[in-house]
$ cat run-v7.cif   # mmCIF, N, CA and C atoms
data_entry
#
loop_
_atom_site.label_atom_id
_atom_site.label_comp_id
_atom_site.auth_asym_id
_atom_site.auth_seq_id
_atom_site.Cartn_x
_atom_site.Cartn_y
_atom_site.Cartn_z
N VAL A 1 17.87 -12.32 -38.39
CA VAL A 1 19.16 -12.24 -39.04
C VAL A 1 19.35 -13.51 -39.86
N ASN A 2 19.71 -13.31 -41.12
CA ASN A 2 20.00 -14.43 -42.00
C ASN A 2 21.52 -14.54 -42.10
N THR A 3 22.08 -15.64 -41.60
CA THR A 3 23.53 -15.84 -41.63
C THR A 3 23.93 -16.92 -42.62
N ARG A 4 23.01 -17.37 -43.46
CA ARG A 4 23.31 -18.44 -44.42
C ARG A 4 24.15 -17.95 -45.59
N GLU A 5 24.13 -16.67 -45.85
CA GLU A 5 24.90 -16.13 -46.96
C GLU A 5 26.26 -15.64 -46.47
N GLU A 6 27.11 -15.23 -47.42
CA GLU A 6 28.45 -14.78 -47.06
C GLU A 6 28.41 -13.61 -46.08
N LYS A 7 27.56 -12.63 -46.36
CA LYS A 7 27.39 -11.51 -45.45
C LYS A 7 26.04 -11.65 -44.75
N PRO A 8 26.01 -11.54 -43.42
CA PRO A 8 24.72 -11.62 -42.73
C PRO A 8 23.79 -10.49 -43.16
N LYS A 9 22.50 -10.82 -43.20
CA LYS A 9 21.49 -9.83 -43.55
C LYS A 9 20.48 -9.74 -42.41
N VAL A 10 20.02 -8.53 -42.16
CA VAL A 10 19.01 -8.30 -41.13
C VAL A 10 17.70 -7.99 -41.81
N TYR A 11 16.65 -8.69 -41.40
CA TYR A 11 15.31 -8.46 -41.93
C TYR A 11 14.44 -7.90 -40.82
N ALA A 12 13.74 -6.85 -41.11
CA ALA A 12 12.89 -6.19 -40.11
C ALA A 12 11.54 -6.88 -40.01
N LYS A 13 11.09 -7.06 -38.80
CA LYS A 13 9.73 -7.56 -38.55
C LYS A 13 8.76 -6.39 -38.49
N GLU A 14 9.28 -5.23 -38.07
CA GLU A 14 8.43 -4.06 -37.91
C GLU A 14 9.29 -2.81 -38.05
N ILE A 15 8.76 -1.82 -38.73
CA ILE A 15 9.46 -0.54 -38.89
C ILE A 15 8.49 0.56 -38.48
N PHE A 16 8.99 1.48 -37.65
CA PHE A 16 8.17 2.62 -37.24
C PHE A 16 9.08 3.81 -37.01
N PRO A 17 8.52 5.03 -37.02
CA PRO A 17 9.34 6.23 -36.84
C PRO A 17 9.99 6.27 -35.46
N LEU A 18 11.18 6.86 -35.37
CA LEU A 18 11.87 6.99 -34.10
C LEU A 18 11.05 7.77 -33.08
N THR A 19 10.19 8.65 -33.55
CA THR A 19 9.35 9.42 -32.63
C THR A 19 8.38 8.52 -31.86
N GLU A 20 8.16 7.31 -32.35
CA GLU A 20 7.26 6.37 -31.68
C GLU A 20 7.96 5.58 -30.56
N VAL A 21 9.27 5.61 -30.51
CA VAL A 21 10.03 4.80 -29.54
C VAL A 21 9.61 5.14 -28.12
N ILE A 22 9.52 6.44 -27.82
CA ILE A 22 9.15 6.85 -26.46
C ILE A 22 7.79 6.30 -26.08
N ARG A 23 6.82 6.45 -26.96
CA ARG A 23 5.45 6.00 -26.66
C ARG A 23 5.38 4.48 -26.53
N ARG A 24 6.07 3.77 -27.39
CA ARG A 24 5.97 2.31 -27.41
C ARG A 24 6.78 1.60 -26.34
N TYR A 25 7.93 2.14 -25.99
CA TYR A 25 8.86 1.38 -25.15
C TYR A 25 9.15 2.00 -23.79
N THR A 26 8.34 2.95 -23.34
CA THR A 26 8.51 3.48 -22.00
C THR A 26 7.62 2.68 -21.06
N LYS A 27 8.24 2.12 -20.02
CA LYS A 27 7.52 1.28 -19.05
C LYS A 27 6.99 2.10 -17.88
N GLN A 28 7.74 3.14 -17.50
CA GLN A 28 7.34 4.03 -16.41
C GLN A 28 7.91 5.42 -16.69
N VAL A 29 7.22 6.43 -16.18
CA VAL A 29 7.73 7.80 -16.23
C VAL A 29 8.03 8.19 -14.79
N HIS A 30 9.31 8.51 -14.52
CA HIS A 30 9.72 8.93 -13.19
C HIS A 30 9.86 10.45 -13.19
N LEU A 31 9.29 11.07 -12.18
CA LEU A 31 9.35 12.51 -12.03
C LEU A 31 10.17 12.81 -10.77
N ARG A 32 11.32 13.44 -10.96
CA ARG A 32 12.24 13.72 -9.85
C ARG A 32 11.89 15.08 -9.24
N LEU A 33 11.61 15.04 -7.94
CA LEU A 33 11.16 16.24 -7.24
C LEU A 33 12.03 16.49 -6.01
N PRO A 34 12.88 17.50 -6.03
CA PRO A 34 13.65 17.83 -4.82
C PRO A 34 12.72 18.43 -3.77
N VAL A 35 12.65 17.82 -2.60
CA VAL A 35 11.72 18.25 -1.55
C VAL A 35 12.01 19.69 -1.12
N ALA A 36 13.27 20.07 -1.07
CA ALA A 36 13.65 21.40 -0.57
C ALA A 36 13.18 22.54 -1.47
N THR A 37 13.03 22.28 -2.78
CA THR A 37 12.71 23.38 -3.68
C THR A 37 11.36 23.26 -4.39
N THR A 38 10.70 22.13 -4.27
CA THR A 38 9.42 21.94 -4.96
C THR A 38 8.31 22.61 -4.15
N ARG A 39 7.54 23.43 -4.82
CA ARG A 39 6.46 24.19 -4.19
C ARG A 39 5.10 23.57 -4.52
N PRO A 40 4.10 23.76 -3.62
CA PRO A 40 2.75 23.22 -3.85
C PRO A 40 2.15 23.63 -5.19
N GLN A 41 2.36 24.88 -5.61
CA GLN A 41 1.79 25.33 -6.88
C GLN A 41 2.42 24.58 -8.06
N GLN A 42 3.68 24.18 -7.93
CA GLN A 42 4.32 23.38 -8.98
C GLN A 42 3.65 22.01 -9.08
N LEU A 43 3.31 21.43 -7.94
CA LEU A 43 2.64 20.12 -7.95
C LEU A 43 1.26 20.23 -8.59
N GLU A 44 0.58 21.35 -8.38
CA GLU A 44 -0.71 21.57 -9.04
C GLU A 44 -0.53 21.66 -10.55
N GLN A 45 0.54 22.32 -10.98
CA GLN A 45 0.82 22.43 -12.40
C GLN A 45 1.20 21.06 -12.98
N VAL A 46 1.94 20.28 -12.21
CA VAL A 46 2.27 18.92 -12.64
C VAL A 46 0.98 18.13 -12.86
N ARG A 47 0.06 18.23 -11.92
CA ARG A 47 -1.23 17.53 -12.04
C ARG A 47 -1.94 17.92 -13.33
N ASP A 48 -1.94 19.22 -13.66
CA ASP A 48 -2.60 19.69 -14.88
C ASP A 48 -1.91 19.16 -16.14
N ILE A 49 -0.58 19.16 -16.13
CA ILE A 49 0.18 18.64 -17.28
C ILE A 49 -0.10 17.16 -17.47
N VAL A 50 -0.07 16.42 -16.37
CA VAL A 50 -0.32 14.98 -16.43
C VAL A 50 -1.72 14.70 -16.95
N ALA A 51 -2.69 15.50 -16.54
CA ALA A 51 -4.07 15.32 -17.01
C ALA A 51 -4.17 15.51 -18.52
N ARG A 52 -3.39 16.44 -19.07
CA ARG A 52 -3.41 16.68 -20.52
C ARG A 52 -2.74 15.55 -21.30
N HIS A 53 -1.92 14.76 -20.62
CA HIS A 53 -1.19 13.67 -21.28
C HIS A 53 -1.57 12.32 -20.69
N SER A 54 -2.84 12.17 -20.31
CA SER A 54 -3.24 10.92 -19.66
C SER A 54 -3.07 9.74 -20.61
N GLY A 55 -2.82 8.58 -20.01
CA GLY A 55 -2.59 7.38 -20.80
C GLY A 55 -2.52 6.15 -19.92
N ARG A 56 -1.63 5.20 -20.27
CA ARG A 56 -1.57 3.92 -19.55
C ARG A 56 -0.24 3.65 -18.85
N VAL A 57 0.72 4.55 -18.98
CA VAL A 57 2.04 4.31 -18.39
C VAL A 57 2.07 4.93 -16.99
N PRO A 58 2.48 4.13 -15.99
CA PRO A 58 2.49 4.65 -14.61
C PRO A 58 3.45 5.82 -14.42
N LEU A 59 3.03 6.78 -13.61
CA LEU A 59 3.85 7.91 -13.21
C LEU A 59 4.36 7.62 -11.80
N ILE A 60 5.68 7.65 -11.63
CA ILE A 60 6.31 7.41 -10.34
C ILE A 60 6.94 8.72 -9.88
N LEU A 61 6.65 9.12 -8.65
CA LEU A 61 7.25 10.32 -8.09
C LEU A 61 8.50 9.92 -7.31
N CYS A 62 9.58 10.60 -7.57
CA CYS A 62 10.86 10.33 -6.91
C CYS A 62 11.24 11.58 -6.13
N PHE A 63 11.02 11.56 -4.83
CA PHE A 63 11.33 12.71 -3.99
C PHE A 63 12.78 12.60 -3.52
N THR A 64 13.54 13.68 -3.73
CA THR A 64 14.93 13.74 -3.27
C THR A 64 14.95 14.54 -1.98
N LEU A 65 15.35 13.89 -0.90
CA LEU A 65 15.41 14.55 0.40
C LEU A 65 16.71 15.35 0.50
N PRO A 66 16.76 16.34 1.41
CA PRO A 66 17.95 17.18 1.53
C PRO A 66 19.26 16.40 1.74
N GLY A 67 19.21 15.26 2.39
CA GLY A 67 20.41 14.45 2.62
C GLY A 67 20.79 13.58 1.43
N GLY A 68 20.02 13.66 0.34
CA GLY A 68 20.32 12.87 -0.86
C GLY A 68 19.53 11.57 -0.96
N GLU A 69 18.80 11.22 0.10
CA GLU A 69 18.00 10.00 0.07
C GLU A 69 16.87 10.15 -0.94
N LEU A 70 16.48 9.04 -1.52
CA LEU A 70 15.38 9.03 -2.50
C LEU A 70 14.19 8.29 -1.92
N VAL A 71 13.01 8.85 -2.13
CA VAL A 71 11.76 8.20 -1.73
C VAL A 71 10.89 8.12 -2.97
N PHE A 72 10.53 6.88 -3.34
CA PHE A 72 9.70 6.66 -4.53
C PHE A 72 8.25 6.46 -4.10
N ALA A 73 7.35 7.08 -4.85
CA ALA A 73 5.92 6.95 -4.55
C ALA A 73 5.17 6.62 -5.84
N ASP A 74 4.45 5.51 -5.81
CA ASP A 74 3.58 5.17 -6.93
C ASP A 74 2.38 6.12 -6.89
N THR A 75 1.88 6.47 -8.06
CA THR A 75 0.69 7.31 -8.11
C THR A 75 -0.52 6.46 -8.47
N HIS A 76 -1.68 7.01 -8.24
CA HIS A 76 -2.94 6.36 -8.57
C HIS A 76 -3.02 6.17 -10.09
N ALA A 77 -3.77 5.19 -10.53
CA ALA A 77 -3.93 4.91 -11.96
C ALA A 77 -4.49 6.12 -12.72
N ALA A 78 -5.17 7.01 -12.03
CA ALA A 78 -5.70 8.22 -12.68
C ALA A 78 -4.58 9.13 -13.17
N PHE A 79 -3.37 8.92 -12.68
CA PHE A 79 -2.24 9.76 -13.07
C PHE A 79 -1.32 9.08 -14.07
N CYS A 80 -1.77 7.99 -14.68
CA CYS A 80 -0.98 7.35 -15.74
C CYS A 80 -0.91 8.29 -16.93
N VAL A 81 0.18 8.22 -17.68
CA VAL A 81 0.42 9.16 -18.76
C VAL A 81 0.73 8.45 -20.08
N THR A 82 0.70 9.24 -21.15
CA THR A 82 1.18 8.81 -22.45
C THR A 82 2.54 9.47 -22.63
N PRO A 83 3.62 8.71 -22.58
CA PRO A 83 4.95 9.31 -22.70
C PRO A 83 5.14 9.95 -24.07
N SER A 84 5.78 11.11 -24.07
CA SER A 84 6.05 11.82 -25.32
C SER A 84 7.08 12.90 -25.06
N GLU A 85 7.64 13.40 -26.14
CA GLU A 85 8.57 14.53 -26.02
C GLU A 85 7.87 15.74 -25.44
N GLU A 86 6.61 15.94 -25.83
CA GLU A 86 5.85 17.09 -25.35
C GLU A 86 5.67 17.03 -23.84
N LEU A 87 5.32 15.85 -23.32
CA LEU A 87 5.16 15.68 -21.87
C LEU A 87 6.48 16.00 -21.17
N THR A 88 7.56 15.41 -21.65
CA THR A 88 8.87 15.64 -21.05
C THR A 88 9.23 17.12 -21.08
N ASN A 89 9.03 17.77 -22.22
CA ASN A 89 9.36 19.19 -22.34
C ASN A 89 8.55 20.06 -21.39
N GLU A 90 7.25 19.77 -21.28
CA GLU A 90 6.40 20.56 -20.38
C GLU A 90 6.83 20.41 -18.93
N LEU A 91 7.08 19.17 -18.51
CA LEU A 91 7.47 18.93 -17.12
C LEU A 91 8.84 19.52 -16.82
N GLU A 92 9.78 19.36 -17.75
CA GLU A 92 11.13 19.89 -17.51
C GLU A 92 11.16 21.41 -17.59
N SER A 93 10.28 22.01 -18.35
CA SER A 93 10.23 23.47 -18.38
C SER A 93 9.70 24.00 -17.03
N LEU A 94 8.87 23.21 -16.36
CA LEU A 94 8.35 23.59 -15.05
C LEU A 94 9.33 23.27 -13.92
N LEU A 95 9.94 22.07 -13.98
CA LEU A 95 10.74 21.58 -12.85
C LEU A 95 12.24 21.58 -13.08
N GLY A 96 12.66 21.83 -14.31
CA GLY A 96 14.09 21.85 -14.59
C GLY A 96 14.54 20.65 -15.41
N LYS A 97 15.64 20.85 -16.11
CA LYS A 97 16.23 19.81 -16.96
C LYS A 97 16.58 18.60 -16.10
N GLY A 98 16.26 17.42 -16.59
CA GLY A 98 16.57 16.19 -15.87
C GLY A 98 15.51 15.77 -14.87
N ALA A 99 14.41 16.51 -14.79
CA ALA A 99 13.35 16.16 -13.83
C ALA A 99 12.56 14.93 -14.26
N VAL A 100 12.65 14.59 -15.55
CA VAL A 100 11.86 13.46 -16.07
C VAL A 100 12.82 12.35 -16.51
N TYR A 101 12.53 11.13 -16.06
CA TYR A 101 13.29 9.96 -16.49
C TYR A 101 12.29 8.98 -17.08
N LEU A 102 12.50 8.61 -18.34
CA LEU A 102 11.63 7.64 -18.99
C LEU A 102 12.27 6.27 -18.85
N LYS A 103 11.69 5.42 -18.03
CA LYS A 103 12.24 4.08 -17.80
C LYS A 103 11.82 3.18 -18.95
N PRO A 104 12.81 2.67 -19.70
CA PRO A 104 12.46 1.87 -20.88
C PRO A 104 12.11 0.43 -20.53
N ASP A 105 11.33 -0.17 -21.38
CA ASP A 105 11.07 -1.61 -21.31
C ASP A 105 12.21 -2.27 -22.06
N THR A 106 13.09 -2.95 -21.33
CA THR A 106 14.28 -3.54 -21.95
C THR A 106 14.10 -5.01 -22.31
N SER A 107 12.90 -5.55 -22.12
CA SER A 107 12.68 -6.93 -22.51
C SER A 107 12.68 -7.02 -24.03
N PRO A 108 13.21 -8.12 -24.58
CA PRO A 108 13.24 -8.23 -26.04
C PRO A 108 11.83 -8.30 -26.61
N PRO A 109 11.63 -7.73 -27.80
CA PRO A 109 10.29 -7.78 -28.41
C PRO A 109 9.88 -9.23 -28.65
N ARG A 110 8.61 -9.49 -28.50
CA ARG A 110 8.09 -10.84 -28.73
C ARG A 110 7.33 -10.84 -30.04
N TYR A 111 7.81 -11.61 -30.97
CA TYR A 111 7.15 -11.74 -32.26
C TYR A 111 6.65 -13.17 -32.41
N ASP A 112 5.53 -13.29 -33.08
CA ASP A 112 5.01 -14.62 -33.37
C ASP A 112 5.96 -15.32 -34.32
N ASN A 113 6.13 -16.57 -34.08
CA ASN A 113 6.90 -17.40 -35.00
C ASN A 113 5.94 -17.83 -36.10
N ASP A 114 6.19 -17.36 -37.33
CA ASP A 114 5.27 -17.63 -38.43
C ASP A 114 5.08 -19.13 -38.64
N ARG A 115 6.16 -19.90 -38.58
CA ARG A 115 6.03 -21.35 -38.78
C ARG A 115 5.14 -21.98 -37.72
N GLU A 116 5.31 -21.56 -36.47
CA GLU A 116 4.50 -22.10 -35.38
C GLU A 116 3.03 -21.73 -35.59
N ARG A 117 2.78 -20.53 -36.02
CA ARG A 117 1.41 -20.08 -36.24
C ARG A 117 0.75 -20.92 -37.34
N TYR A 118 1.44 -21.17 -38.43
CA TYR A 118 0.90 -21.97 -39.51
C TYR A 118 0.68 -23.42 -39.08
N ARG A 119 1.60 -23.94 -38.27
CA ARG A 119 1.46 -25.31 -37.80
C ARG A 119 0.22 -25.44 -36.90
N GLN A 120 -0.02 -24.45 -36.06
CA GLN A 120 -1.18 -24.49 -35.18
C GLN A 120 -2.49 -24.37 -35.96
N ARG A 121 -2.48 -23.63 -37.05
CA ARG A 121 -3.69 -23.51 -37.88
C ARG A 121 -4.10 -24.85 -38.46
N GLY A 122 -3.10 -25.67 -38.79
CA GLY A 122 -3.39 -26.98 -39.39
C GLY A 122 -4.04 -27.94 -38.41
N GLN A 123 -3.90 -27.68 -37.12
CA GLN A 123 -4.47 -28.58 -36.11
C GLN A 123 -5.89 -28.22 -35.91
#

$ encode --input "run-v7.cif" --output "structure tokens"
Amino acid sequence: VNTREEKPKVYAKEIFPLTEVIRRYTKQVHLRLPVATTRPQQLEQVRDIVARHSGRVPLILCFTLPGGELVFADTHAAFCVTPSEELTNELESLLGKGAVYLKPDTSPPRYDNDRERYRQRGQ
């Protein structure tokens, strides 16, 4: 942000399509599974969907017990996914709306300071 002028101006360091936000800024994919209604064949279908969308983002299973308690289970690295609208749509079409939660990375983006980079080159 440049505030030296009468009206502040914002300068972009990077511009990308909004469709890339999910892929770039999802830290974890949470899959909500009600224990009372989730069937073994659904879990097999989840495994197949996850395999088609393999990637580097961890998949976390969130089991909802009948009393409302939540049990979170990390999955093996083999079940990491590439977050996307397609993945979310496939899983929610199988398990119901709201079954997928994409946990965002809320840390501020880290950009190189151009001045610092140039100063280091001179050394």

$ closest_residue --input "run-v7.cif" --among "A:Leu70, A:Leu43, A:Leu59, A:Leu65" --to "Lys27 of chain A" --atoms "all atoms listed in the file"
A:Leu59

$ resolve_selection --input "run-v7.cif" --expression "the PyMOL selection byres (((chain A and resi 26 and name CA) around 7) and name CA)" --output "list in words"
Ile22, Arg23, Arg24, Tyr25, Lys27, Gln28, Pro83, Leu102, Lys103, Pro104 and Asp105 of chain A

$ resolve_selection --input "run-v7.cif" --expression "the PyMOL selection byres ((chain A and resi 86-101) around 5)" --output "ChimeraX atom specification"
/A:29-32,84-85,102-103

$ atom_distance --input "run-v7.cif" --atom1 "atom CA of Ser54 of chain A" --atom2 "atom CA of Glu20 of chain A"
16.6 Å

$ atom_distance --input "run-v7.cif" --atom1 "atom N of Arg56 of chain A" --atom2 "atom N of Asp74 of chain A"
15.7 Å

$ resolve_selection --input "run-v7.cif" --expression "the PyMOL selection byres (((chain A and resi 1 and name CA) around 8) and name CA)" --output "JSON, numbers by chain"
{"A": [2, 3, 8, 9, 10, 11]}

$ select_by_dssp --input "run-v7.cif" --residues "segment 17-116 of chain A" --states "strand (DSSP E or B)" --output "ChimeraX atom specification"
/A:26-34,54-57,59-64,70-74,81,100-104

$ axis_aligned_box --input "run-v7.cif" --around "segment 50-58 of chain A" --padding-each-side "8 Å" --output "lines of an AutoDock Vina configuration file"
center_x = -0.4
center_y = 10.2
center_z = -17.9
size_x = 23.6
size_y = 29.0
size_z = 22.9

$ closest_residue --input "run-v7.cif" --among "A:Pro108, A:Ile15, A:Val21, A:Thr38" --to "Phe63 of chain A" --atoms "only C-alpha atoms"
A:Thr38
